[in-house]
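Colleague: Below is the file start.cif, which contains mmCIF, C-alpha atoms and all ligand atoms.
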```cif
data_query
loop_
_atom_site.label_atom_id
_atom_site.label_comp_id
_atom_site.auth_asym_id
_atom_site.auth_seq_id
_atom_site.Cartn_x
_atom_site.Cartn_y
_atom_site.Cartn_z
CA MET A 1 -19.04 -95.87 -16.56
CA LEU A 2 -17.54 -95.66 -13.09
CA PRO A 3 -19.85 -96.75 -10.26
CA ARG A 4 -19.37 -94.77 -7.06
CA LEU A 5 -20.79 -95.25 -3.58
CA LYS A 6 -23.02 -92.31 -2.60
CA PRO A 7 -21.71 -90.29 0.36
CA ILE A 8 -23.49 -92.43 2.95
CA SER A 9 -22.46 -93.79 6.32
CA VAL A 10 -21.31 -97.40 6.43
CA VAL A 11 -21.11 -99.13 9.80
CA ARG A 12 -18.96 -102.22 10.33
CA ARG A 13 -20.05 -104.93 12.78
CA PRO A 14 -18.73 -108.46 13.28
CA ALA A 15 -19.57 -110.40 10.11
CA GLU A 16 -21.77 -107.68 8.62
CA VAL A 17 -21.88 -104.11 7.35
CA ILE A 18 -24.80 -101.70 7.66
CA LEU A 19 -25.49 -99.10 4.97
CA VAL A 20 -27.27 -95.98 6.24
CA GLY A 21 -29.17 -94.83 3.16
CA ARG A 22 -31.67 -92.12 2.25
CA SER A 23 -34.33 -91.52 4.94
CA LEU A 24 -31.82 -93.19 7.31
CA GLU A 25 -32.96 -96.53 5.91
CA LEU A 26 -30.68 -99.36 7.03
CA THR A 27 -29.47 -102.12 4.74
CA TYR A 28 -27.69 -105.06 6.39
CA LEU A 29 -25.16 -106.98 4.32
CA ALA A 30 -23.51 -110.21 5.51
CA ASP A 31 -19.73 -109.82 5.39
CA PRO A 32 -18.03 -112.75 7.12
CA ASP A 33 -14.64 -112.24 5.40
CA GLY A 34 -14.58 -108.42 5.16
CA SER A 35 -14.78 -108.40 1.36
CA VAL A 36 -18.00 -106.36 1.28
CA ALA A 37 -16.47 -103.61 3.43
CA ALA A 38 -13.40 -103.66 1.18
CA LEU A 39 -15.56 -103.35 -1.95
CA LEU A 40 -17.49 -100.43 -0.43
CA GLU A 41 -14.19 -98.66 0.29
CA VAL A 42 -13.10 -99.20 -3.31
CA LEU A 43 -16.47 -98.00 -4.64
CA ALA A 44 -16.37 -94.89 -2.44
CA ARG A 45 -13.47 -93.67 -4.59
CA GLY A 46 -15.44 -94.16 -7.81
CA ALA A 47 -12.19 -94.73 -9.67
CA HIS A 48 -12.74 -98.13 -11.31
CA PRO A 49 -15.09 -99.53 -13.91
CA VAL A 50 -16.59 -102.94 -13.03
CA ALA A 51 -13.84 -104.62 -15.10
CA GLY A 52 -11.22 -102.93 -12.90
CA LEU A 53 -12.72 -103.99 -9.57
CA PRO A 54 -11.10 -107.49 -9.39
CA ALA A 55 -7.63 -105.89 -9.53
CA ALA A 56 -8.54 -103.27 -6.89
CA MET A 57 -9.93 -106.03 -4.65
CA GLY A 58 -6.81 -108.12 -5.32
CA GLU A 59 -4.70 -105.30 -3.87
CA ARG A 60 -6.75 -105.70 -0.67
CA GLY A 61 -6.20 -109.46 -0.57
CA PHE A 62 -9.49 -110.66 -2.06
CA THR A 63 -9.73 -112.87 -5.15
CA VAL A 64 -12.95 -112.09 -7.04
CA THR A 65 -14.13 -112.39 -10.65
CA GLU A 66 -15.56 -109.66 -12.85
CA ALA A 67 -18.89 -111.55 -12.79
CA ASP A 68 -18.86 -111.40 -8.95
CA MET A 69 -18.24 -107.66 -9.11
CA ALA A 70 -20.93 -107.07 -11.75
CA ALA A 71 -23.46 -108.91 -9.55
CA ALA A 72 -22.39 -106.98 -6.44
CA VAL A 73 -22.62 -103.63 -8.23
CA THR A 74 -26.09 -104.47 -9.56
CA ALA A 75 -27.24 -105.50 -6.07
CA LEU A 76 -25.86 -102.29 -4.50
CA ASP A 77 -27.49 -100.18 -7.24
CA GLU A 78 -30.81 -101.86 -6.47
CA VAL A 79 -30.64 -100.74 -2.83
CA GLY A 80 -30.01 -97.20 -4.10
CA VAL A 81 -26.51 -96.56 -2.77
CA LEU A 82 -24.60 -96.18 -6.04
CA LEU A 83 -24.37 -93.41 -8.59
CA ARG A 84 -22.19 -92.73 -11.59
CA ALA A 85 -18.91 -91.08 -10.65
CA ASP A 86 -19.62 -88.65 -13.50
CA SER A 87 -23.20 -87.96 -12.36
CA ASP A 88 -23.01 -84.35 -13.66
CA ALA A 89 -21.56 -85.31 -17.07
CA GLY A 90 -23.00 -83.37 -19.97
CA LEU A 91 -23.73 -80.24 -17.93
CA ASP A 92 -21.60 -77.18 -18.60
CA PRO A 93 -19.42 -75.75 -15.78
CA ASP A 94 -21.75 -72.75 -15.21
CA THR A 95 -24.74 -75.04 -14.74
CA ARG A 96 -22.76 -77.29 -12.39
CA ARG A 97 -21.80 -74.31 -10.22
CA ARG A 98 -25.20 -72.63 -10.31
CA TYR A 99 -27.16 -75.77 -9.43
CA GLU A 100 -24.57 -77.63 -7.33
CA SER A 101 -26.85 -78.22 -4.32
CA ASN A 102 -29.78 -79.25 -6.55
CA LEU A 103 -27.56 -81.80 -8.30
CA ARG A 104 -26.44 -83.19 -4.96
CA PHE A 105 -30.11 -83.45 -3.89
CA TYR A 106 -30.87 -85.37 -7.09
CA ASP A 107 -27.99 -87.73 -6.28
CA LEU A 108 -30.14 -89.08 -3.46
CA PHE A 109 -32.49 -90.43 -6.11
CA ALA A 110 -29.94 -91.13 -8.86
CA GLY A 111 -28.59 -94.54 -9.79
CA LEU A 112 -26.37 -96.12 -12.40
CA GLN A 113 -29.18 -95.93 -14.97
CA ARG A 114 -30.24 -92.35 -14.18
CA PRO A 115 -27.54 -89.81 -13.26
CA GLY A 116 -28.29 -86.66 -11.26
CA ALA A 117 -27.86 -84.57 -14.40
CA ALA A 118 -30.94 -86.25 -15.92
CA PHE A 119 -33.13 -84.83 -13.13
CA HIS A 120 -31.75 -81.34 -13.72
CA ARG A 121 -32.38 -81.65 -17.47
CA ALA A 122 -35.98 -82.72 -16.78
CA MET A 123 -36.39 -79.56 -14.68
CA ARG A 124 -34.76 -77.42 -17.39
CA ASP A 125 -37.19 -78.87 -19.97
CA ALA A 126 -40.19 -78.15 -17.71
CA ASP A 127 -43.00 -75.87 -18.77
CA VAL A 128 -45.10 -74.85 -15.76
CA LEU A 129 -48.44 -73.06 -15.76
CA LEU A 130 -48.53 -71.23 -12.42
CA LEU A 131 -51.91 -69.78 -11.49
CA GLY A 132 -51.62 -67.01 -8.92
CA ALA A 133 -48.76 -64.69 -7.96
CA GLY A 134 -49.79 -64.06 -4.35
CA GLY A 135 -48.05 -65.33 -1.21
CA VAL A 136 -48.02 -68.98 -2.26
CA GLY A 137 -47.76 -68.50 -6.04
CA SER A 138 -44.83 -66.08 -5.84
CA GLY A 139 -43.13 -68.44 -3.37
CA VAL A 140 -43.59 -71.39 -5.73
CA LEU A 141 -42.16 -69.23 -8.53
CA GLN A 142 -39.08 -68.47 -6.42
CA SER A 143 -38.51 -72.18 -5.78
CA LEU A 144 -38.99 -73.04 -9.46
CA VAL A 145 -36.46 -70.42 -10.53
CA GLY A 146 -33.98 -71.73 -7.96
CA LEU A 147 -34.53 -75.25 -9.30
CA GLY A 148 -33.82 -74.04 -12.84
CA ALA A 149 -37.27 -74.78 -14.31
CA GLY A 150 -37.13 -73.93 -18.01
CA ARG A 151 -40.31 -71.98 -18.45
CA VAL A 152 -43.07 -70.63 -16.21
CA ARG A 153 -46.25 -68.98 -17.45
CA LEU A 154 -47.41 -66.93 -14.48
CA VAL A 155 -51.04 -65.82 -14.41
CA ASP A 156 -52.54 -63.24 -12.05
CA PHE A 157 -54.76 -60.18 -12.29
CA ASP A 158 -53.75 -58.35 -9.08
CA MET A 159 -51.46 -55.39 -8.48
CA VAL A 160 -48.82 -55.32 -5.76
CA GLU A 161 -50.21 -53.65 -2.59
CA GLU A 162 -48.42 -52.57 0.55
CA LYS A 163 -50.11 -55.31 2.60
CA ASN A 164 -48.56 -57.97 0.32
CA LEU A 165 -45.07 -57.11 1.53
CA ALA A 166 -45.63 -59.06 4.78
CA ARG A 167 -45.38 -62.36 2.94
CA GLN A 168 -44.83 -61.96 -0.81
CA PHE A 169 -41.07 -61.77 -0.89
CA ALA A 170 -40.68 -61.55 -4.66
CA TYR A 171 -42.01 -57.97 -4.41
CA ALA A 172 -40.36 -54.85 -3.04
CA HIS A 173 -41.76 -51.53 -1.89
CA GLY A 174 -41.02 -49.99 -5.27
CA ASP A 175 -43.30 -52.55 -6.96
CA ILE A 176 -46.47 -51.22 -5.26
CA GLY A 177 -49.03 -50.45 -7.96
CA ARG A 178 -47.40 -52.67 -10.59
CA ALA A 179 -49.02 -55.84 -11.93
CA LYS A 180 -47.77 -58.73 -9.77
CA VAL A 181 -46.96 -60.84 -12.82
CA ASP A 182 -44.69 -58.11 -14.23
CA ALA A 183 -42.93 -57.55 -10.90
CA ALA A 184 -42.47 -61.32 -10.42
CA ARG A 185 -41.07 -61.72 -13.94
CA ASP A 186 -38.61 -58.90 -13.25
CA TRP A 187 -37.62 -60.49 -9.92
CA ALA A 188 -36.80 -63.76 -11.72
CA ALA A 189 -34.74 -61.93 -14.36
CA ARG A 190 -32.73 -60.14 -11.64
CA TYR A 191 -32.32 -63.20 -9.46
CA SER A 192 -31.20 -65.63 -12.13
CA PRO A 193 -30.67 -63.99 -15.54
CA GLY A 194 -31.06 -66.20 -18.57
CA THR A 195 -32.27 -69.33 -16.78
CA THR A 196 -36.03 -69.58 -16.21
CA ALA A 197 -38.13 -67.83 -18.87
CA VAL A 198 -41.08 -66.29 -17.00
CA GLU A 199 -44.02 -65.23 -19.14
CA ALA A 200 -46.28 -62.72 -17.37
CA VAL A 201 -49.99 -63.15 -18.13
CA HIS A 202 -52.13 -60.37 -16.64
CA GLU A 203 -55.45 -62.13 -16.75
CA ARG A 204 -58.22 -63.25 -14.40
CA VAL A 205 -58.90 -67.01 -14.36
CA ALA A 206 -62.63 -67.71 -14.07
CA ASP A 207 -63.35 -70.78 -16.20
CA ALA A 208 -61.89 -74.12 -17.29
CA GLY A 209 -61.55 -72.94 -20.91
CA THR A 210 -59.08 -70.20 -19.88
CA ILE A 211 -56.99 -72.71 -17.91
CA ARG A 212 -57.03 -75.11 -20.86
CA ARG A 213 -55.87 -72.37 -23.22
CA LEU A 214 -53.11 -71.14 -20.90
CA GLY A 215 -52.04 -74.69 -20.06
CA ALA A 216 -51.47 -75.84 -23.64
CA GLY A 217 -48.02 -77.45 -23.76
CA ALA A 218 -47.53 -77.33 -19.97
CA SER A 219 -45.87 -80.24 -18.17
CA VAL A 220 -47.63 -79.43 -14.89
CA VAL A 221 -50.16 -76.90 -13.57
CA VAL A 222 -49.76 -75.35 -10.12
CA SER A 223 -52.86 -73.64 -8.79
CA CYS A 224 -52.37 -71.04 -6.06
CA ILE A 225 -55.66 -69.18 -6.48
CA ASP A 226 -58.72 -69.42 -4.28
CA SER A 227 -61.42 -67.85 -6.40
CA PRO A 228 -63.87 -68.47 -7.97
CA ASN A 229 -65.27 -70.89 -5.34
CA ASP A 230 -65.16 -73.90 -7.64
CA ILE A 231 -61.62 -73.18 -8.88
CA GLN A 232 -60.38 -76.64 -7.83
CA LEU A 233 -63.00 -78.34 -9.99
CA LEU A 234 -62.24 -76.00 -12.91
CA VAL A 235 -58.52 -76.76 -12.72
CA ASN A 236 -59.37 -80.47 -12.38
CA GLU A 237 -61.56 -80.38 -15.50
CA ALA A 238 -59.03 -78.40 -17.55
CA CYS A 239 -56.11 -80.63 -16.50
CA PHE A 240 -58.04 -83.74 -17.49
CA ALA A 241 -58.66 -82.22 -20.92
CA LEU A 242 -54.94 -81.40 -21.18
CA GLY A 243 -53.77 -84.70 -19.66
CA VAL A 244 -51.47 -82.73 -17.33
CA PRO A 245 -51.02 -83.21 -13.55
CA PHE A 246 -51.78 -80.38 -11.15
CA VAL A 247 -50.75 -79.39 -7.65
CA THR A 248 -52.75 -77.11 -5.38
CA GLY A 249 -53.06 -76.02 -1.77
CA GLY A 250 -54.18 -73.26 0.54
CA LEU A 251 -54.92 -72.11 4.06
CA GLN A 252 -58.22 -72.41 5.90
CA TYR A 253 -58.29 -70.79 9.35
CA SER A 254 -55.03 -72.22 10.71
CA THR A 255 -54.91 -75.36 8.59
CA LEU A 256 -52.56 -75.63 5.64
CA PHE A 257 -53.52 -78.16 3.02
CA TYR A 258 -52.18 -79.37 -0.29
CA TRP A 259 -52.84 -82.20 -2.70
CA SER A 260 -52.35 -83.09 -6.35
CA VAL A 261 -54.01 -85.01 -9.17
CA GLU A 262 -52.44 -86.98 -11.99
CA PRO A 263 -55.01 -87.54 -14.75
CA GLY A 264 -55.03 -91.13 -15.99
CA VAL A 265 -53.20 -92.32 -12.86
CA SER A 266 -54.73 -91.01 -9.62
CA PRO A 267 -58.36 -90.41 -8.62
CA CYS A 268 -59.36 -86.81 -9.34
CA ARG A 269 -60.80 -83.88 -7.41
CA LEU A 270 -64.33 -84.59 -8.69
CA CYS A 271 -64.03 -88.06 -7.10
CA LEU A 272 -63.41 -86.33 -3.74
CA GLU A 273 -66.55 -84.19 -4.16
CA LEU A 274 -68.63 -87.28 -5.04
CA ASN A 275 -67.17 -89.25 -2.09
CA ARG A 276 -68.05 -86.40 0.26
CA ALA A 277 -71.58 -86.22 -1.15
CA ASP A 278 -72.00 -89.97 -0.53
CA GLU A 279 -70.77 -89.63 3.05
CA GLY A 280 -73.27 -86.82 3.59
CA ALA A 281 -76.13 -88.89 2.15
CA ALA A 282 -75.18 -91.98 4.18
CA GLY A 283 -75.70 -90.79 7.73
CA GLU A 284 -75.06 -87.15 8.48
CA PRO A 285 -78.22 -85.33 9.57
CA GLU A 286 -79.46 -82.77 7.06
CA GLN A 287 -77.68 -79.47 7.49
CA SER A 288 -77.82 -76.01 6.07
CA VAL A 289 -75.34 -73.18 6.32
CA VAL A 290 -76.47 -70.38 8.66
CA LEU A 291 -73.37 -68.19 8.39
CA SER A 292 -70.64 -68.64 5.85
CA ALA A 293 -67.14 -67.76 7.11
CA GLU A 294 -66.00 -64.56 5.50
CA PHE A 295 -62.73 -65.00 3.63
CA VAL A 296 -59.89 -63.57 5.71
CA ASN A 297 -56.28 -63.88 4.62
CA ARG A 298 -54.29 -65.07 7.64
CA ALA A 299 -51.20 -66.21 5.76
CA THR A 300 -48.06 -64.84 7.41
CA GLY A 301 -44.71 -65.03 5.64
CA PRO A 302 -43.58 -68.32 7.17
CA VAL A 303 -46.97 -69.90 6.51
CA ALA A 304 -46.86 -68.92 2.84
CA GLN A 305 -43.26 -70.12 2.58
CA VAL A 306 -43.98 -73.50 4.16
CA LEU A 307 -46.94 -74.11 1.88
CA ALA A 308 -45.10 -72.88 -1.22
CA GLY A 309 -42.23 -75.20 -0.33
CA PHE A 310 -44.40 -78.29 -0.02
CA MET A 311 -46.19 -77.46 -3.26
CA ALA A 312 -42.91 -76.79 -5.09
CA LEU A 313 -41.51 -80.12 -3.86
CA GLU A 314 -44.58 -81.96 -5.15
CA THR A 315 -44.33 -80.06 -8.45
CA GLY A 316 -40.69 -81.13 -8.67
CA ARG A 317 -41.69 -84.77 -8.20
CA TYR A 318 -44.00 -84.54 -11.22
CA LEU A 319 -41.34 -82.79 -13.29
CA THR A 320 -38.29 -84.89 -12.43
CA ARG A 321 -39.81 -88.10 -11.02
CA THR A 322 -37.20 -88.20 -8.29
CA ASP A 323 -39.76 -90.21 -6.34
CA PRO A 324 -43.52 -90.68 -6.86
CA PRO A 325 -45.79 -87.69 -6.06
CA VAL A 326 -46.73 -87.96 -2.37
CA ALA A 327 -49.96 -85.97 -2.58
CA ALA A 328 -51.63 -87.56 -5.64
CA ALA A 329 -55.29 -87.87 -4.56
CA THR A 330 -54.03 -87.51 -0.99
CA TYR A 331 -55.13 -84.63 1.21
CA HIS A 332 -52.21 -83.42 3.33
CA THR A 333 -52.90 -81.02 6.20
CA PHE A 334 -50.69 -79.16 8.69
CA GLU A 335 -52.51 -77.78 11.70
CA LEU A 336 -50.49 -74.69 12.59
CA ALA A 337 -52.49 -73.86 15.73
CA ASP A 338 -52.35 -77.33 17.24
CA GLY A 339 -48.75 -78.39 17.72
CA MET A 340 -48.17 -78.79 13.95
CA ARG A 341 -50.37 -81.88 13.85
CA THR A 342 -50.26 -83.34 10.36
CA THR A 343 -52.69 -85.61 8.54
CA ARG A 344 -52.51 -87.50 5.29
CA GLU A 345 -55.71 -88.88 3.80
CA PRO A 346 -55.82 -90.60 0.41
CA TRP A 347 -59.21 -90.52 -1.31
CA PRO A 348 -60.53 -93.32 -3.53
CA ARG A 349 -61.75 -93.14 -7.10
CA HIS A 350 -65.54 -92.65 -7.25
CA PRO A 351 -67.31 -95.19 -9.48
CA ALA A 352 -69.59 -92.51 -10.92
CA CYS A 353 -66.87 -89.95 -11.69
CA ALA A 354 -67.47 -88.56 -15.17
CA LEU A 355 -63.76 -87.76 -15.58
CA CYS A 356 -61.91 -90.78 -14.23
CA GLY A 357 -64.48 -93.45 -13.15
CA PRO A 358 -65.34 -96.56 -15.19
CA ALA A 359 -68.04 -94.57 -17.01
CA ALA A 360 -65.36 -92.19 -18.35
CA ALA A 361 -63.25 -95.09 -19.62
CA ALA A 362 -66.18 -96.79 -21.39
ZN ZN B 401 -62.54 -88.64 -10.73
#
```
Render the structure in this file as structure tokens.
Modeller:
Amino acid sequence: MLPRLKPISVVRRPAEVILVGRSLELTYLADPDGSVAALLEVLARGAHPVAGLPAAMGERGFTVTEADMAAAVTALDEVGVLLRADSDAGLDPDTRRRYESNLRFYDLFAGLQRPGAAFHRAMRDADVLLLGAGGVGSGVLQSLVGLGAGRVRLVDFDMVEEKNLARQFAYAHGDIGRAKVDAARDWAARYSPGTTAVEAVHERVADAGTIRRLGAGASVVVSCIDSPNDIQLLVNEACFALGVPFVTGGLQYSTLFYWSVEPGVSPCRLCLELNRADEGAAGEPEQSVVLSAEFVNRATGPVAQVLAGFMALETGRYLTRTDPPVAAATYHTFELADGMRTTREPWPRHPACALCGPAAAA
């Protein structure tokens, strides 16, 4: 295996070098004699196994042992700046070409133990249950197809209407009147033939049992539907029964939100409901709803695309484990009408939660 330095910036200062890593994170390495900078230059070529590094360093005037080099390579791998020179090994040339930019994205998270190709394979082995083929759902589908997800079961009961064409870019004018799931499946087949298998399920989701049935074998569930009213709790219940994580989100007035739940790991959506009920009981004056806001769809194209993108990224984290899910039991909001203010609020596990509290474990 040939270790190679990732394409990062390295800054030289007197007696030290600075590595500019992912997220522009800086790593300072003492380098009084210049040997670290020399090693980084050698590693940037990715041409030598560890056993060959002493000779390459010798050519630059430094006497080092193989044990020194093994320790240095391990230390550099731990700060996340190395990958295998053959990071794409095992993938056929078509796959390498088709998914080149995805593979380079995965390199950011790859290391000597996990090459970029492993992340792509995890995506190719993915089986996603995608609920909803509207603005957000069809956008998530487009991202999943671009990422090379192996299989998507797409569930929706609606037909394509003219008004959808403002923001549902998987559909064209000629699709009006067709079932969205059929049109979306056909879009995927045209866009990337023979990669993602999209199964179109023309069905209305109204109970947890349906979600459980459709989600059998899924690696993750993505919920992009907003009815019935308790859909989040239904998806939560079904995903706990399946032991499968789920990602969801939506738009309320001008506020985008998304969050996810990983059964067995994170607190669940029922915990959030119970926490809110406690907060209400603890001090808020009694209140009753006088007028309930009528549901109005205000999602423009860019809004649907932004939300679909965040949800697809979170879905990708569950599927490939590039980095830990950022929205597990964490409510993320983006306030589109207020200078793009963002918030991020984790919620705790509720002790009385029937799904994930101590009572459930007993
Ligand atoms: Zn819970």
Colleague: So what do you get for atom CA of Leu214 of chain A versus atom CA of Arg121 of chain A, distance-wise?
Modeller: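 Computing it gives 23.5 Å between the two atoms.
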Colleague: One decimal, in Å: what's the spacing between atom CA of Thr255 of chain A and atom CA of Pro348 of chain A?
Modeller: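 Going from atom CA of Thr255 of chain A over to atom CA of Pro348 of chain A, I get 22.4 Å.
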Colleague: Step by step, measure atom-to-atom distances between ligand ZN 401 (chain B) and each residue using all atoms listed in the file, keep those at most 10 Å, then write them as a PyMOL selection string.
Modeller: chain A and resi 236-237+240+261+263-264+266-275+329+348-358+360
Colleague: Go ahead and compute the interatomic distance for atom CA of Leu91 of chain A and atom CA of Leu108 of chain A, in Å to one decimal.
Modeller: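 Computed distance, atom CA of Leu91 of chain A to atom CA of Leu108 of chain A, equals 18.1 Å.
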Colleague: What lies within 9 Å of segment 51-68 of chain A using only C-alpha atoms, ignoring chain neighbours under 3 positions off, as a ChimeraX atom specification?
Modeller: /A:35,38-39,42-43,47-48,71-73
Colleague: Return as JSON the box centre and box size in Å, one decimal, for an axis-aligned box around all listed atoms of segment 323-339 of chain A padded by 4 Å per side.
Modeller:
```
{"center_x": -47.5, "center_y": -82.3, "center_z": 5.4, "size_x": 23.5, "size_y": 24.8, "size_z": 32.6}
```
Colleague: Report as a tab-separated table: every residue of segment 282-348 of chain A with an atom at most 10 Å from segment 109-118 of chain A, its closest pair of atoms, and their distance in Å to one decimal, counting all atoms listed in the file, with rows sorted by chain and ascending residue number.
Modeller:
```
residue	atom	partner	partner_atom	distance
A:Thr320	CA	A:Ala118	CA	8.2
A:Arg321	CA	A:Phe109	CA	9.1
A:Thr322	CA	A:Phe109	CA	5.6
A:Asp323	CA	A:Phe109	CA	7.3
```
Colleague: What lies within 6 Å of segment 132-136 of chain A using only C-alpha atoms, ignoring chain neighbours under 2 positions off, as a PyMOL selection string?
Modeller: chain A and resi 138-139+155-156+167-168+224-225+304+308
Colleague: Can you pull out the residues contacting Tyr99 of chain A? Cut-off 9 Å, using all atoms listed in the file, and skip same-chain residues under 3 positions away; I want them as number ranges by chain.
Modeller: A: 94-96, 102-104, 120, 146-148
Colleague: Using all atoms listed in the file, which protein or nucleic acid residues come within 12 Å of Pro7 of chain A? Drop anything in the same chain fewer than 6 positions from it, and give the result as number ranges by chain.
Modeller: A: 19-22, 40-41, 43-46, 80-83, 85, 104-105, 107-108
Colleague: Write out, as an mmCIF file, in the coordinates of the input, the residues just selected, with C-alpha atoms.
Modeller:
```
data_model
loop_
_atom_site.group_PDB
_atom_site.id
_atom_site.type_symbol
_atom_site.label_atom_id
_atom_site.label_comp_id
_atom_site.auth_asym_id
_atom_site.auth_seq_id
_atom_site.Cartn_x
_atom_site.Cartn_y
_atom_site.Cartn_z
ATOM 1 C CA LEU A 19 -25.490 -99.100 4.970
ATOM 2 C CA VAL A 20 -27.270 -95.980 6.240
ATOM 3 C CA GLY A 21 -29.170 -94.830 3.160
ATOM 4 C CA ARG A 22 -31.670 -92.120 2.250
ATOM 5 C CA LEU A 40 -17.490 -100.430 -0.430
ATOM 6 C CA GLU A 41 -14.190 -98.660 0.290
ATOM 7 C CA LEU A 43 -16.470 -98.000 -4.640
ATOM 8 C CA ALA A 44 -16.370 -94.890 -2.440
ATOM 9 C CA ARG A 45 -13.470 -93.670 -4.590
ATOM 10 C CA GLY A 46 -15.440 -94.160 -7.810
ATOM 11 C CA GLY A 80 -30.010 -97.200 -4.100
ATOM 12 C CA VAL A 81 -26.510 -96.560 -2.770
ATOM 13 C CA LEU A 82 -24.600 -96.180 -6.040
ATOM 14 C CA LEU A 83 -24.370 -93.410 -8.590
ATOM 15 C CA ALA A 85 -18.910 -91.080 -10.650
ATOM 16 C CA ARG A 104 -26.440 -83.190 -4.960
ATOM 17 C CA PHE A 105 -30.110 -83.450 -3.890
ATOM 18 C CA ASP A 107 -27.990 -87.730 -6.280
ATOM 19 C CA LEU A 108 -30.140 -89.080 -3.460
#
```
Colleague: Using only C-alpha atoms, list the residues that have an atom at most 8 Å from (-46.4, -78.2, -9.8), coordinates as in the file, as an MDAnalysis selection string.
Modeller: chainID A and resid 128 130 220:223 245:248 311:316 318:319
Colleague: With all atoms listed in the file as the atoms that count, which of A:Met340, A:Leu307, A:Ala149, A:Leu141 lies nearest to Arg124 of chain A?
Modeller: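 Looking only at the distances to Arg124 of chain A, the closest residue turns out to be A:Ala149.
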Colleague: Env of Glu199 of chain A: 9 Å cut, atoms = all atoms listed in the file, seq-sep filter 2 positions within chain, self excluded. Answer as a short mmCIF file (atom, residue, chain, number, x, y, z; two decimals) with C-alpha atoms, in the coordinates of the input.
Modeller:
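Output saved as result-v7.cif:
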```
data_model
loop_
_atom_site.label_atom_id
_atom_site.label_comp_id
_atom_site.auth_asym_id
_atom_site.auth_seq_id
_atom_site.Cartn_x
_atom_site.Cartn_y
_atom_site.Cartn_z
CA ARG A 151 -40.31 -71.98 -18.45
CA VAL A 152 -43.07 -70.63 -16.21
CA ARG A 153 -46.25 -68.98 -17.45
CA LEU A 154 -47.41 -66.93 -14.48
CA VAL A 155 -51.04 -65.82 -14.41
CA VAL A 181 -46.96 -60.84 -12.82
CA ASP A 182 -44.69 -58.11 -14.23
CA ARG A 185 -41.07 -61.72 -13.94
CA ALA A 197 -38.13 -67.83 -18.87
CA VAL A 201 -49.99 -63.15 -18.13
#
```
Colleague: Let me make sure I understand: among A:Glu262, A:Glu279, A:Glu335, A:Asp207, which one has the smallest atom-to-atom distance to Ala238 of chain A if we use only C-alpha atoms?
Modeller: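 Distance minimum relative to Ala238 of chain A lands on A:Asp207.
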Colleague: From the set A:Leu26, A:Ala277, A:Ala200, A:Leu233, which residue has the shortest atom-to-atom contact distance to Ser9 of chain A, counting only C-alpha atoms?
Modeller: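 Closest residue, counting only C-alpha atoms: A:Leu26.
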